2 protein chains.
Amino acid sequence: MSLNDLRISSVHNPRVKEAAGLRDRRQRKRQGRFLIDGVRELSRALDAKLTPLDVFVCPELLNGDEDRTLLARLRQLQLPLVEVTSQVFAKLAYGERAAGVVAVAETRQTTLIDLDLPADGLIAVVEGLEKPGNLGAVLRSADGAGVSAVLVADPNTDLFNPNTIRASLGTIFSQRVVAGTSAEIKQWLTARGVQIVAARVDAKIDYFMPDYTLATALVLGSEAEGLGDVWKSSDVTPVRLPMLGVADSLNVSAAAAVMFYEARRQRAKII
Amino acid sequence: MSLNDLRISSVHNPRVKEAAGLRDRRQRKRQGRFLIDGVRELSRALDAKLTPLDVFVCPELLNGDEDRTLLARLRQLQLPLVEVTSQVFAKLAYGERAAGVVAVAETRQTTLIDLDLPADGLIAVVEGLEKPGNLGAVLRSADGAGVSAVLVADPNTDLFNPNTIRASLGTIFSQRVVAGTSAEIKQWLTARGVQIVAARVDAKIDYFMPDYTLATALVLGSEAEGLGDVWKSSDVTPVRLPMLGVADSLNVSAAAAVMFYEARRQRAKII
């Protein structure tokens, strides 16, 4: 660390307390800020041109090559680095994580109005996911499969939950992620002539039957609740994942990965 | 509860302490027993003809239809039910779970020698998975895709970790799951003429290129370490999952789901 950096050794420091408060959803909403944990996650946020307001680092925990690269980059960007002791870092850090870096950033969210998509876009819609980790896992697979946008059909979803960011491995920052109600999203898709395919356990055709080379939205619901009525209209194609064992459904992030990659496979075949 | 059932209200009861100790891996090894948390998980264990040694139930937490069905079934099987207070249950139960039932069962493990497979078997091999939850998630997808057996290539794996059982949603009990070293497993597969396909980030062909209608083993390694040298020989076909975003790999359970279902898709097509 350079001498120009601030150093905090008290867990009672107001800046530390304010940042630690962002573990709580209400605080995120009130402050309009959220936390980014981890070297890879913050690197991906920087890649996506996100500028953190504060970066807390615990030098003892930062020893790897990737860590040093990030530190050099933060300095080059002239971002405000705050060095903290391991005790202070423990207060800031999430659960057991010893990633050595936590950044504070402003929550900013794209809306459906801002969203611009390629003509043959592949879109993911997720509705009512209970666990932030599941949403993060879906985002990570969507990134891998080259999904154009992820529409989160649940106005109560908090995209800035640390578990979402962590499970997404920071891919959340490079993706177009938009929250809206199911009705708004359905309308948006329909207006653009996007084929809508929804995973449902009671569907009659297998997930690999539709033609995914068309502009397509793949809709996935929660395991417990299934999909809402908006997705049960005649302009939505229900598909099933064959369930050949004793369980009646896959984890939503597994189902998402299978469907995203099937669309990708079909598209690769025609190139 | 019937009057014949035992009721325990002390967290210091030796039977409770012994069972709670099974959260610890060394205790599981020493006692040769493990825990099954949750109504669905225990139901699936019973479906698979597993007979628990002890079943602890907390009546206040068991109110649903599925719960009552399980209780009736446990009575019919004349299994020893132990009623515990919510305080005792909290000591027994894993983390935040309020499933209302924890059973103790004997660890029994199939070996490669016992394993008998259909001629066109679809086998999963996982090597060096760090997180029990990831192994459980792979097991759940393997169940869904009708994978014939899951071979766990890591002698240090503890298949009886509560997180593995929970993430598998109890599908672990109905599946053939065998642990062994990578060398043993590779030899076993080769002796049976099973095609071996391994997911590797540096592979030159896409995962959907091989013919999965042949007897096939799909090999997946840890995200951090990748696959060991055993799987780098010329009789192993490396395949990649296209990575079109910023991340360089999928979560292992997502990659597993994609590969299992691609094999299943190819097999469905020829029926």
# chains A, B, ... in the order shown; residues from 1 in each chain; ligands from 1
>>> residues_around(residues="Met259 in chain B", least_positions_apart="2", cutoff="10 Å", atoms="only C-alpha atoms", output="number ranges by chain")
A: 257-258, 261; B: 124, 142, 145, 197-199, 207-208, 212, 218-220, 239, 241, 253-257, 261-265
>>> write_last_selection(atoms="N, CA and C atoms", output="tab-separated table (two decimals), in the first residue's frame")
chain	number	residue	atom	x	y	z
A	257	ALA	N	-29.14	-23.94	-17.32
A	257	ALA	CA	-27.93	-24.24	-18.08
A	257	ALA	C	-28.25	-25.17	-19.24
A	258	VAL	N	-29.07	-26.19	-18.99
A	258	VAL	CA	-29.43	-27.15	-20.05
A	258	VAL	C	-30.15	-26.43	-21.19
A	261	TYR	N	-27.83	-23.87	-23.16
A	261	TYR	CA	-26.86	-24.53	-24.01
A	261	TYR	C	-27.51	-25.30	-25.16
B	124	ALA	N	-21.43	-40.98	-15.02
B	124	ALA	CA	-20.81	-39.71	-14.67
B	124	ALA	C	-19.61	-39.98	-13.78
B	142	ALA	N	-27.94	-35.84	-12.36
B	142	ALA	CA	-27.70	-37.19	-12.86
B	142	ALA	C	-28.96	-38.04	-12.71
B	145	ALA	N	-31.43	-36.95	-15.47
B	145	ALA	CA	-31.04	-37.35	-16.82
B	145	ALA	C	-30.93	-38.86	-16.98
B	197	VAL	N	-15.37	-39.34	-22.15
B	197	VAL	CA	-15.42	-37.96	-22.65
B	197	VAL	C	-15.24	-37.04	-21.45
B	198	ALA	N	-14.23	-36.18	-21.52
B	198	ALA	CA	-13.92	-35.32	-20.37
B	198	ALA	C	-14.09	-33.85	-20.72
B	199	ALA	N	-14.77	-33.10	-19.85
B	199	ALA	CA	-14.93	-31.66	-20.05
B	199	ALA	C	-13.63	-30.95	-19.68
B	207	TYR	N	-18.86	-29.99	-26.80
B	207	TYR	CA	-19.37	-31.11	-26.00
B	207	TYR	C	-20.45	-31.90	-26.73
B	208	PHE	N	-21.08	-31.32	-27.75
B	208	PHE	CA	-22.17	-32.04	-28.42
B	208	PHE	C	-21.70	-32.85	-29.62
B	212	TYR	N	-23.11	-39.91	-28.13
B	212	TYR	CA	-23.41	-40.35	-26.77
B	212	TYR	C	-24.38	-41.53	-26.72
B	218	LEU	N	-18.94	-39.56	-18.74
B	218	LEU	CA	-18.73	-38.11	-18.83
B	218	LEU	C	-17.94	-37.68	-17.60
B	219	VAL	N	-16.75	-37.13	-17.82
B	219	VAL	CA	-15.86	-36.83	-16.70
B	219	VAL	C	-15.80	-35.32	-16.46
B	220	LEU	N	-16.02	-34.94	-15.22
B	220	LEU	CA	-16.00	-33.52	-14.84
B	220	LEU	C	-15.08	-33.31	-13.65
B	239	VAL	N	-13.67	-32.49	-24.42
B	239	VAL	CA	-14.66	-31.61	-25.06
B	239	VAL	C	-14.78	-30.33	-24.25
B	241	LEU	N	-17.22	-26.82	-23.29
B	241	LEU	CA	-18.49	-26.10	-23.35
B	241	LEU	C	-18.16	-24.71	-23.87
B	253	SER	N	-21.65	-28.03	-11.54
B	253	SER	CA	-22.97	-28.68	-11.58
B	253	SER	C	-23.76	-28.23	-12.82
B	254	ALA	N	-23.52	-27.00	-13.28
B	254	ALA	CA	-24.16	-26.54	-14.51
B	254	ALA	C	-23.56	-27.30	-15.71
B	255	ALA	N	-22.24	-27.41	-15.74
B	255	ALA	CA	-21.58	-28.14	-16.83
B	255	ALA	C	-22.05	-29.59	-16.87
B	256	ALA	N	-22.19	-30.19	-15.70
B	256	ALA	CA	-22.65	-31.58	-15.62
B	256	ALA	C	-24.05	-31.70	-16.18
B	257	ALA	N	-24.94	-30.80	-15.80
B	257	ALA	CA	-26.33	-30.86	-16.28
B	257	ALA	C	-26.38	-30.75	-17.80
B	261	TYR	N	-27.63	-33.97	-20.10
B	261	TYR	CA	-28.84	-33.81	-20.91
B	261	TYR	C	-28.55	-33.85	-22.41
B	262	GLU	N	-27.35	-33.49	-22.81
B	262	GLU	CA	-27.00	-33.65	-24.22
B	262	GLU	C	-26.94	-35.15	-24.57
B	263	ALA	N	-26.35	-35.93	-23.67
B	263	ALA	CA	-26.32	-37.38	-23.88
B	263	ALA	C	-27.75	-37.92	-23.93
B	264	ARG	N	-28.57	-37.45	-23.03
B	264	ARG	CA	-29.97	-37.90	-22.97
B	264	ARG	C	-30.73	-37.49	-24.23
B	265	ARG	N	-30.48	-36.29	-24.72
B	265	ARG	CA	-31.13	-35.79	-25.94
B	265	ARG	C	-30.77	-36.68	-27.13
>>> select_by_dssp(residues="range 64-110 of chain B", states="strand (DSSP E)", output="number ranges by chain")
B: 81-84, 101-106
>>> residues_around(residues="Asn156 in chain A", least_positions_apart="6", cutoff="12 Å", atoms="only C-alpha atoms", output="PyMOL selection string")
chain A and resi 25+29+127-130+132+179-182
>>> residues_around(residues="range 40-46 of chain B", least_positions_apart="6", cutoff="12 Å", atoms="only C-alpha atoms", output="JSON, numbers by chain")
{"A": [245, 246, 247, 248], "B": [52, 53, 54, 55, 56, 57, 64, 65, 66, 67, 68, 69, 70, 71, 72, 73, 74, 76, 77, 79, 99, 100, 101, 102, 103, 104, 105, 106, 136, 140, 162, 163, 164, 165, 166, 167, 168, 169, 170, 171, 172, 173, 174, 175]}
>>> atom_distance(atom1="CA of Arg7 in chain A", atom2="CA of Leu81 in chain A")
8.8 Å
>>> atom_distance(atom1="CA of Arg267 in chain A", atom2="CA of Leu244 in chain B")
12.6 Å
>>> atom_distance(atom1="CA of Pro238 in chain B", atom2="CA of Asn134 in chain B")
21.6 Å
>>> decode(residues="range 86-127 of chain B", atoms="N, CA and C atoms", output="mmCIF file, in the first residue's frame")
data_model
loop_
_atom_site.group_PDB
_atom_site.id
_atom_site.type_symbol
_atom_site.label_atom_id
_atom_site.label_comp_id
_atom_site.auth_asym_id
_atom_site.auth_seq_id
_atom_site.Cartn_x
_atom_site.Cartn_y
_atom_site.Cartn_z
ATOM 1 N N SER B 86 -38.384 -28.648 20.358
ATOM 2 C CA SER B 86 -37.789 -27.832 19.297
ATOM 3 C C SER B 86 -36.365 -27.413 19.666
ATOM 4 N N GLN B 87 -36.115 -27.306 20.976
ATOM 5 C CA GLN B 87 -34.761 -26.964 21.418
ATOM 6 C C GLN B 87 -33.775 -28.098 21.097
ATOM 7 N N VAL B 88 -34.203 -29.324 21.364
ATOM 8 C CA VAL B 88 -33.359 -30.478 21.059
ATOM 9 C C VAL B 88 -33.210 -30.617 19.547
ATOM 10 N N PHE B 89 -34.297 -30.364 18.841
ATOM 11 C CA PHE B 89 -34.230 -30.494 17.390
ATOM 12 C C PHE B 89 -33.220 -29.509 16.793
ATOM 13 N N ALA B 90 -33.214 -28.285 17.353
ATOM 14 C CA ALA B 90 -32.274 -27.268 16.863
ATOM 15 C C ALA B 90 -30.829 -27.758 16.996
ATOM 16 N N LYS B 91 -30.570 -28.528 18.045
ATOM 17 C CA LYS B 91 -29.212 -29.063 18.236
ATOM 18 C C LYS B 91 -28.890 -30.126 17.188
ATOM 19 N N LEU B 92 -29.903 -30.899 16.846
ATOM 20 C CA LEU B 92 -29.719 -31.987 15.887
ATOM 21 C C LEU B 92 -29.699 -31.511 14.435
ATOM 22 N N ALA B 93 -30.506 -30.470 14.181
ATOM 23 C CA ALA B 93 -30.756 -30.098 12.787
ATOM 24 C C ALA B 93 -29.599 -29.323 12.193
ATOM 25 N N TYR B 94 -29.535 -29.344 10.908
ATOM 26 C CA TYR B 94 -28.440 -28.717 10.215
ATOM 27 C C TYR B 94 -28.752 -27.252 9.928
ATOM 28 N N GLY B 95 -27.882 -26.364 10.364
ATOM 29 C CA GLY B 95 -28.003 -24.937 10.062
ATOM 30 C C GLY B 95 -29.383 -24.402 10.386
ATOM 31 N N GLU B 96 -29.970 -23.766 9.426
ATOM 32 C CA GLU B 96 -31.226 -23.064 9.644
ATOM 33 C C GLU B 96 -32.436 -23.960 9.392
ATOM 34 N N ARG B 97 -32.185 -25.170 9.004
ATOM 35 C CA ARG B 97 -33.278 -26.005 8.536
ATOM 36 C C ARG B 97 -34.322 -26.302 9.601
ATOM 37 N N ALA B 98 -35.557 -26.244 9.219
ATOM 38 C CA ALA B 98 -36.637 -26.533 10.147
ATOM 39 C C ALA B 98 -37.498 -27.650 9.562
ATOM 40 N N ALA B 99 -36.821 -28.687 9.081
ATOM 41 C CA ALA B 99 -37.528 -29.743 8.360
ATOM 42 C C ALA B 99 -38.299 -30.657 9.302
ATOM 43 N N GLY B 100 -37.957 -30.652 10.595
ATOM 44 C CA GLY B 100 -38.727 -31.415 11.562
ATOM 45 C C GLY B 100 -38.345 -32.874 11.699
ATOM 46 N N VAL B 101 -37.442 -33.364 10.873
ATOM 47 C CA VAL B 101 -37.045 -34.762 10.991
ATOM 48 C C VAL B 101 -35.564 -34.945 10.642
ATOM 49 N N VAL B 102 -34.884 -35.705 11.495
ATOM 50 C CA VAL B 102 -33.484 -36.074 11.260
ATOM 51 C C VAL B 102 -33.363 -37.557 11.563
ATOM 52 N N ALA B 103 -32.826 -38.319 10.635
ATOM 53 C CA ALA B 103 -32.640 -39.756 10.863
ATOM 54 C C ALA B 103 -31.163 -40.096 10.900
ATOM 55 N N VAL B 104 -30.871 -41.165 11.616
ATOM 56 C CA VAL B 104 -29.504 -41.685 11.667
ATOM 57 C C VAL B 104 -29.498 -43.001 10.896
ATOM 58 N N ALA B 105 -28.525 -43.175 10.016
ATOM 59 C CA ALA B 105 -28.438 -44.425 9.254
ATOM 60 C C ALA B 105 -26.998 -44.880 9.151
ATOM 61 N N GLU B 106 -26.836 -46.142 8.799
ATOM 62 C CA GLU B 106 -25.493 -46.685 8.642
ATOM 63 C C GLU B 106 -24.915 -46.326 7.286
ATOM 64 N N THR B 107 -23.637 -45.930 7.270
ATOM 65 C CA THR B 107 -22.971 -45.676 5.992
ATOM 66 C C THR B 107 -22.656 -47.015 5.335
ATOM 67 N N ARG B 108 -23.124 -47.127 4.113
ATOM 68 C CA ARG B 108 -22.786 -48.329 3.355
ATOM 69 C C ARG B 108 -22.393 -47.885 1.971
ATOM 70 N N GLN B 109 -21.344 -48.398 1.427
ATOM 71 C CA GLN B 109 -20.894 -47.912 0.149
ATOM 72 C C GLN B 109 -20.634 -49.029 -0.842
ATOM 73 N N THR B 110 -21.181 -48.842 -2.013
ATOM 74 C CA THR B 110 -20.921 -49.782 -3.093
ATOM 75 C C THR B 110 -19.491 -49.567 -3.589
ATOM 76 N N THR B 111 -18.845 -50.624 -4.036
ATOM 77 C CA THR B 111 -17.513 -50.468 -4.617
ATOM 78 C C THR B 111 -17.596 -50.761 -6.122
ATOM 79 N N LEU B 112 -16.540 -50.463 -6.813
ATOM 80 C CA LEU B 112 -16.516 -50.700 -8.261
ATOM 81 C C LEU B 112 -16.757 -52.171 -8.588
ATOM 82 N N ILE B 113 -16.291 -53.036 -7.710
ATOM 83 C CA ILE B 113 -16.435 -54.479 -7.959
ATOM 84 C C ILE B 113 -17.900 -54.896 -7.971
ATOM 85 N N ASP B 114 -18.694 -54.242 -7.110
ATOM 86 C CA ASP B 114 -20.125 -54.576 -7.033
ATOM 87 C C ASP B 114 -20.933 -53.993 -8.188
ATOM 88 N N LEU B 115 -20.323 -53.066 -8.901
ATOM 89 C CA LEU B 115 -21.097 -52.256 -9.837
ATOM 90 C C LEU B 115 -21.344 -52.980 -11.153
ATOM 91 N N ASP B 116 -22.609 -53.071 -11.472
ATOM 92 C CA ASP B 116 -23.047 -53.768 -12.667
ATOM 93 C C ASP B 116 -23.783 -52.741 -13.520
ATOM 94 N N LEU B 117 -23.447 -52.672 -14.787
ATOM 95 C CA LEU B 117 -24.046 -51.627 -15.618
ATOM 96 C C LEU B 117 -24.645 -52.170 -16.892
ATOM 97 N N PRO B 118 -25.694 -51.503 -17.389
ATOM 98 C CA PRO B 118 -26.233 -51.890 -18.682
ATOM 99 C C PRO B 118 -25.205 -51.635 -19.793
ATOM 100 N N ALA B 119 -25.348 -52.350 -20.898
ATOM 101 C CA ALA B 119 -24.379 -52.280 -21.995
ATOM 102 C C ALA B 119 -24.235 -50.861 -22.554
ATOM 103 N N ASP B 120 -25.348 -50.107 -22.589
ATOM 104 C CA ASP B 120 -25.270 -48.745 -23.138
ATOM 105 C C ASP B 120 -25.280 -47.710 -22.016
ATOM 106 N N GLY B 121 -24.710 -48.065 -20.886
ATOM 107 C CA GLY B 121 -24.737 -47.210 -19.703
ATOM 108 C C GLY B 121 -24.221 -45.795 -19.959
ATOM 109 N N LEU B 122 -24.801 -44.865 -19.230
ATOM 110 C CA LEU B 122 -24.318 -43.486 -19.242
ATOM 111 C C LEU B 122 -23.798 -43.230 -17.835
ATOM 112 N N ILE B 123 -22.493 -42.980 -17.744
ATOM 113 C CA ILE B 123 -21.846 -42.897 -16.439
ATOM 114 C C ILE B 123 -21.298 -41.497 -16.227
ATOM 115 N N ALA B 124 -21.425 -40.984 -15.015
ATOM 116 C CA ALA B 124 -20.806 -39.707 -14.673
ATOM 117 C C ALA B 124 -19.608 -39.976 -13.785
ATOM 118 N N VAL B 125 -18.514 -39.289 -14.057
ATOM 119 C CA VAL B 125 -17.341 -39.345 -13.192
ATOM 120 C C VAL B 125 -17.054 -37.921 -12.734
ATOM 121 N N VAL B 126 -16.983 -37.718 -11.432
ATOM 122 C CA VAL B 126 -16.605 -36.396 -10.937
ATOM 123 C C VAL B 126 -15.326 -36.536 -10.128
ATOM 124 N N GLU B 127 -14.410 -35.611 -10.369
ATOM 125 C CA GLU B 127 -13.114 -35.692 -9.701
ATOM 126 C C GLU B 127 -12.833 -34.427 -8.907
#
